[in-house]
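One structure below.
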Amino acid sequence: MLALGVLSACTQSPTGRNQVLLFSEHDMQRLGEQSFADIKEQEKISRHAGLNRLVQCVTRQLVAEVPGNGQWEVVLFDSKQINAFALPGGKVGVYSGLLKVADTQDQLAAVIGHEIAHVLAQHSNERVSRTQLTNIGLNAAGVALGQSGMREPAMAALGLGVQVGYLLPYGREQEAEADRLGLQLMARAGFDPQQAITLWRNMAAAGSGSQPPEILSTHPSHGTRIEGLSGLLPEANNLYMQARARGVQPACNY
């Protein structure tokens, strides 16, 4: 019975990688919406008109390239954190501290595109599912998202480990997948994929102090990431040139 349940939940990611997903899209959307509502209550929301305009514009350009994109809610939080996240249900959160490191529209697109890619590849569902199979068993998986004891692990599985103080980093395969999909997404949206390399070099420089950016606490080393992204640039550059030829030229600023 257990084996049949697992097999019935097997699927493939956008890059063809095998995944086990135990939860429905509705379940994950509900969890994303609940978590986003919690964070909006806990964090100060930025009212800076210019920065909000920049973040909204970049996200809008990226989401326009997502099939069946729907309505995405984007919130800029007034915080020194160098971080961003995206959640199932079309939720994007950006911390204003990130804009001190991602200092161009293209660099910001690299971060937000990467986070949206985690959602598109259902990495949150994959991690919540793994948590259930490891900790409480498949039979309880159907009700786990509604249990209070699962709230922090579930939020951590959404990529919110820093926010809830419960670290559950994405796996190496998931990070590499989000890098590839995110780079493709930003390129199709008309953002220069080369700037993703610059962005992570900026991250590396920001992380050389006593308190590295929060986003680096759950991501691979900057050297590993830059090497991987460099290998993906030829494919992404082709998509970028195609977008430019179609007249896709974002002009996001504040």
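By convention in this document, the chains of the structure tokens carry letters A, B, ... by their order, each chain's residues are numbered from 1, and ligands are numbered from 1 in the order they are shown.
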
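For range 48-108 of chain A, the set of residues given alpha helix (DSSP H) by DSSP on the backbone reads Ala49, Gly50, Leu51, Asn52, Arg53, Leu54, Val55, Gln56, Cys57, Val58, Thr59, Arg60, Gln61, Leu62, Val63, Gln105, Asp106, Gln107 and Leu108 of chain A.
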
For the residues in the current selection, export N, CA, C and O atoms as a tab-separated table (two decimals), in the first residue's frame.
```tsv
chain	number	residue	atom	x	y	z
A	49	ALA	N	8.21	54.41	-2.68
A	49	ALA	CA	7.53	54.34	-3.99
A	49	ALA	C	8.46	53.87	-5.10
A	49	ALA	O	8.10	53.02	-5.92
A	50	GLY	N	9.67	54.42	-5.14
A	50	GLY	CA	10.61	54.09	-6.20
A	50	GLY	C	11.05	52.64	-6.17
A	50	GLY	O	11.05	51.94	-7.19
A	51	LEU	N	11.42	52.16	-4.99
A	51	LEU	CA	11.88	50.77	-4.87
A	51	LEU	C	10.74	49.79	-5.14
A	51	LEU	O	10.94	48.73	-5.75
A	52	ASN	N	9.55	50.13	-4.67
A	52	ASN	CA	8.40	49.28	-4.97
A	52	ASN	C	8.14	49.23	-6.47
A	52	ASN	O	7.82	48.16	-7.01
A	53	ARG	N	8.28	50.35	-7.13
A	53	ARG	CA	8.07	50.39	-8.57
A	53	ARG	C	9.07	49.48	-9.29
A	53	ARG	O	8.71	48.74	-10.22
A	54	LEU	N	10.33	49.51	-8.85
A	54	LEU	CA	11.36	48.67	-9.44
A	54	LEU	C	11.05	47.18	-9.25
A	54	LEU	O	11.08	46.40	-10.21
A	55	VAL	N	10.74	46.79	-8.02
A	55	VAL	CA	10.49	45.39	-7.71
A	55	VAL	C	9.25	44.88	-8.45
A	55	VAL	O	9.24	43.77	-9.00
A	56	GLN	N	8.20	45.70	-8.47
A	56	GLN	CA	6.96	45.32	-9.17
A	56	GLN	C	7.22	45.16	-10.67
A	56	GLN	O	6.73	44.20	-11.29
A	57	CYS	N	7.98	46.06	-11.24
A	57	CYS	CA	8.25	46.02	-12.67
A	57	CYS	C	9.05	44.78	-13.06
A	57	CYS	O	8.70	44.08	-14.02
A	58	VAL	N	10.11	44.50	-12.32
A	58	VAL	CA	10.94	43.33	-12.63
A	58	VAL	C	10.13	42.05	-12.50
A	58	VAL	O	10.18	41.17	-13.38
A	59	THR	N	9.36	41.94	-11.43
A	59	THR	CA	8.56	40.73	-11.24
A	59	THR	C	7.50	40.59	-12.32
A	59	THR	O	7.27	39.49	-12.84
A	60	ARG	N	6.88	41.68	-12.69
A	60	ARG	CA	5.85	41.65	-13.73
A	60	ARG	C	6.43	41.17	-15.06
A	60	ARG	O	5.81	40.37	-15.77
A	61	GLN	N	7.64	41.62	-15.40
A	61	GLN	CA	8.28	41.19	-16.63
A	61	GLN	C	8.58	39.69	-16.61
A	61	GLN	O	8.40	38.99	-17.60
A	62	LEU	N	9.03	39.20	-15.46
A	62	LEU	CA	9.35	37.77	-15.33
A	62	LEU	C	8.09	36.92	-15.41
A	62	LEU	O	8.04	35.92	-16.13
A	63	VAL	N	7.07	37.31	-14.67
A	63	VAL	CA	5.84	36.53	-14.61
A	63	VAL	C	5.15	36.48	-15.97
A	63	VAL	O	4.46	35.49	-16.28
A	105	GLN	N	18.45	46.31	-12.67
A	105	GLN	CA	17.23	45.55	-12.89
A	105	GLN	C	17.55	44.09	-13.26
A	105	GLN	O	16.83	43.16	-12.86
A	106	ASP	N	18.62	43.88	-13.99
A	106	ASP	CA	18.98	42.53	-14.43
A	106	ASP	C	19.44	41.67	-13.26
A	106	ASP	O	19.11	40.48	-13.19
A	107	GLN	N	20.19	42.25	-12.34
A	107	GLN	CA	20.65	41.50	-11.18
A	107	GLN	C	19.47	41.16	-10.26
A	107	GLN	O	19.41	40.05	-9.72
A	108	LEU	N	18.54	42.08	-10.11
A	108	LEU	CA	17.36	41.79	-9.32
A	108	LEU	C	16.54	40.69	-9.99
A	108	LEU	O	16.01	39.80	-9.32
```

message: Could you list, as a ChimeraX atom specification, every residue within 8 Å of Gly93 in chain A, counting only C-alpha atoms and ignoring same-chain residues fewer than 5 positions away?
response: /A:74-77,84-86

Within 10 Å of Ala109 in chain A using only C-alpha atoms, minus same-chain residues under 3 positions, as number ranges by chain: A: 55, 57-59, 61-62, 102, 104-106, 112-115, 182-183, 185-187, 189-193, 195-196, 199

task: Do a neighbour search on Ala37 in chain A at 12 Å with only C-alpha atoms, toss out local chain neighbours closer than 5 positions, and write the hits as a VMD selection string.
output: chain A and resid 30 to 32 42 to 43 45 73 75 87 89 91 to 93 155

Any chance you can output those residues with all heavy atoms as a short mmCIF file (atom, residue, chain, number, x, y, z; two decimals), in the first residue's frame?
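And here's again.cif as it stands now:
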```cif
data_model
loop_
_atom_site.label_atom_id
_atom_site.label_comp_id
_atom_site.auth_asym_id
_atom_site.auth_seq_id
_atom_site.Cartn_x
_atom_site.Cartn_y
_atom_site.Cartn_z
N ARG A 30 -2.46 26.92 -0.60
CA ARG A 30 -2.99 27.33 0.70
C ARG A 30 -1.86 27.58 1.69
O ARG A 30 -1.88 28.57 2.44
CB ARG A 30 -3.94 26.25 1.23
CG ARG A 30 -4.55 26.55 2.59
CD ARG A 30 -5.73 25.61 2.85
NE ARG A 30 -5.34 24.21 2.68
CZ ARG A 30 -4.80 23.46 3.63
NH1 ARG A 30 -4.57 23.99 4.83
NH2 ARG A 30 -4.50 22.20 3.41
N LEU A 31 -0.87 26.70 1.71
CA LEU A 31 0.26 26.87 2.62
C LEU A 31 1.05 28.13 2.28
O LEU A 31 1.47 28.88 3.16
CB LEU A 31 1.17 25.64 2.55
CG LEU A 31 2.40 25.66 3.45
CD1 LEU A 31 2.01 25.80 4.92
CD2 LEU A 31 3.24 24.40 3.25
N GLY A 32 1.24 28.37 0.97
CA GLY A 32 1.95 29.57 0.56
C GLY A 32 1.23 30.83 0.96
O GLY A 32 1.83 31.79 1.45
N GLN A 42 4.43 39.98 10.38
CA GLN A 42 5.66 40.01 11.19
C GLN A 42 6.65 41.06 10.71
O GLN A 42 7.39 41.64 11.52
CB GLN A 42 6.33 38.63 11.16
CG GLN A 42 5.49 37.51 11.76
CD GLN A 42 6.04 36.14 11.42
OE1 GLN A 42 7.15 36.02 10.88
NE2 GLN A 42 5.29 35.09 11.72
N GLU A 43 6.70 41.30 9.41
CA GLU A 43 7.71 42.18 8.83
C GLU A 43 7.13 43.55 8.48
O GLU A 43 5.94 43.67 8.15
CB GLU A 43 8.30 41.54 7.56
CG GLU A 43 8.96 40.19 7.78
CD GLU A 43 10.32 40.29 8.40
OE1 GLU A 43 10.84 41.42 8.54
OE2 GLU A 43 10.89 39.24 8.76
N ILE A 45 6.45 46.44 6.03
CA ILE A 45 6.31 46.56 4.58
C ILE A 45 6.82 47.94 4.14
O ILE A 45 6.45 48.96 4.72
CB ILE A 45 4.85 46.36 4.15
CG1 ILE A 45 4.41 44.92 4.45
CG2 ILE A 45 4.67 46.66 2.66
CD1 ILE A 45 2.96 44.63 4.14
N GLU A 73 1.25 38.33 -6.27
CA GLU A 73 1.35 39.41 -5.30
C GLU A 73 2.82 39.62 -4.94
O GLU A 73 3.53 38.67 -4.61
CB GLU A 73 0.55 39.07 -4.04
CG GLU A 73 0.60 40.17 -2.98
CD GLU A 73 -0.15 39.80 -1.72
OE1 GLU A 73 -0.68 38.67 -1.64
OE2 GLU A 73 -0.20 40.64 -0.79
N VAL A 75 5.52 41.90 -2.60
CA VAL A 75 5.66 42.79 -1.45
C VAL A 75 7.13 43.07 -1.18
O VAL A 75 7.95 42.14 -1.14
CB VAL A 75 5.00 42.20 -0.19
CG1 VAL A 75 5.26 43.08 1.03
CG2 VAL A 75 3.49 42.03 -0.40
N LEU A 87 6.61 32.00 -3.24
CA LEU A 87 5.82 30.94 -2.64
C LEU A 87 4.74 30.45 -3.59
O LEU A 87 4.26 31.21 -4.44
CB LEU A 87 5.15 31.45 -1.36
CG LEU A 87 6.06 32.00 -0.27
CD1 LEU A 87 5.21 32.52 0.89
CD2 LEU A 87 7.02 30.94 0.22
N GLY A 89 1.15 29.75 -4.98
CA GLY A 89 0.03 30.66 -4.86
C GLY A 89 0.35 32.03 -5.44
O GLY A 89 -0.47 32.95 -5.34
N LYS A 91 3.15 34.26 -4.78
CA LYS A 91 3.57 35.25 -3.79
C LYS A 91 5.07 35.48 -3.91
O LYS A 91 5.85 34.52 -3.94
CB LYS A 91 3.23 34.79 -2.37
CG LYS A 91 1.79 34.34 -2.17
CD LYS A 91 0.80 35.48 -2.40
CE LYS A 91 -0.63 35.02 -2.16
NZ LYS A 91 -1.61 36.09 -2.44
N VAL A 92 5.48 36.75 -3.95
CA VAL A 92 6.90 37.09 -4.01
C VAL A 92 7.21 38.11 -2.92
O VAL A 92 6.51 39.12 -2.78
CB VAL A 92 7.28 37.69 -5.38
CG1 VAL A 92 8.72 38.20 -5.37
CG2 VAL A 92 7.11 36.65 -6.49
N GLY A 93 8.24 37.83 -2.14
CA GLY A 93 8.70 38.77 -1.13
C GLY A 93 10.14 39.16 -1.39
O GLY A 93 10.98 38.30 -1.67
N MET A 155 6.92 25.69 6.61
CA MET A 155 7.36 27.02 6.15
C MET A 155 8.81 26.97 5.71
O MET A 155 9.19 27.61 4.72
CB MET A 155 7.16 28.05 7.25
CG MET A 155 5.70 28.43 7.49
SD MET A 155 5.51 29.73 8.74
CE MET A 155 6.12 31.17 7.84
#
```

message: Taking only C-alpha atoms into account, name the residue in A:Arg127, A:Arg201, A:Arg172, A:Lys44 that is nearest to Met28 in chain A.
response: A:Arg127

query: Quick one, how far is CA of Val111 in chain A from CA of Ile82 in chain A?
result: 10.6 Å

- request: List the neighbours of Glu126 in chain A out to 8 Å using only C-alpha atoms; skip same-chain residues closer than 5 positions along the sequence, and give me the result as a PyMOL selection string.
  value: chain A and resi 19-22

Can I get the selected residues back with N, CA and C atoms, as a PDB file, in the first residue's frame?
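Output file out_1.pdb is given in full below:
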```pdb
ATOM      1  N   GLN A  19      10.634  13.317  -9.288  1.00  0.00           N
ATOM      2  CA  GLN A  19      10.199  13.913  -8.028  1.00  0.00           C
ATOM      3  C   GLN A  19       9.096  13.059  -7.410  1.00  0.00           C
ATOM      4  N   VAL A  20       8.987  13.121  -6.092  1.00  0.00           N
ATOM      5  CA  VAL A  20       7.846  12.557  -5.383  1.00  0.00           C
ATOM      6  C   VAL A  20       7.088  13.723  -4.758  1.00  0.00           C
ATOM      7  N   LEU A  21       5.861  13.949  -5.201  1.00  0.00           N
ATOM      8  CA  LEU A  21       5.028  15.054  -4.731  1.00  0.00           C
ATOM      9  C   LEU A  21       3.755  14.481  -4.123  1.00  0.00           C
ATOM     10  N   LEU A  22       3.596  14.636  -2.831  1.00  0.00           N
ATOM     11  CA  LEU A  22       2.463  14.044  -2.122  1.00  0.00           C
ATOM     12  C   LEU A  22       1.282  14.995  -1.974  1.00  0.00           C
TER      13      LEU A  22
END
```

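Shortest atom-to-atom contact with Gln12 in chain A among A:Gln122, A:Ala178, A:Pro250, A:Glu235: A:Gln122, counting only C-alpha atoms.
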
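CA of Asn253 in chain A is found 27.5 Å from CA of Glu41 in chain A.
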
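The space between CA of Arg180 in chain A and CA of Leu232 in chain A spans 6.7 Å.
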
- line: Counting only C-alpha atoms, closest pick from A:Ala251, A:Val119, A:Cys10, A:Ala204 relative to Gln29 in chain A is A:Val119
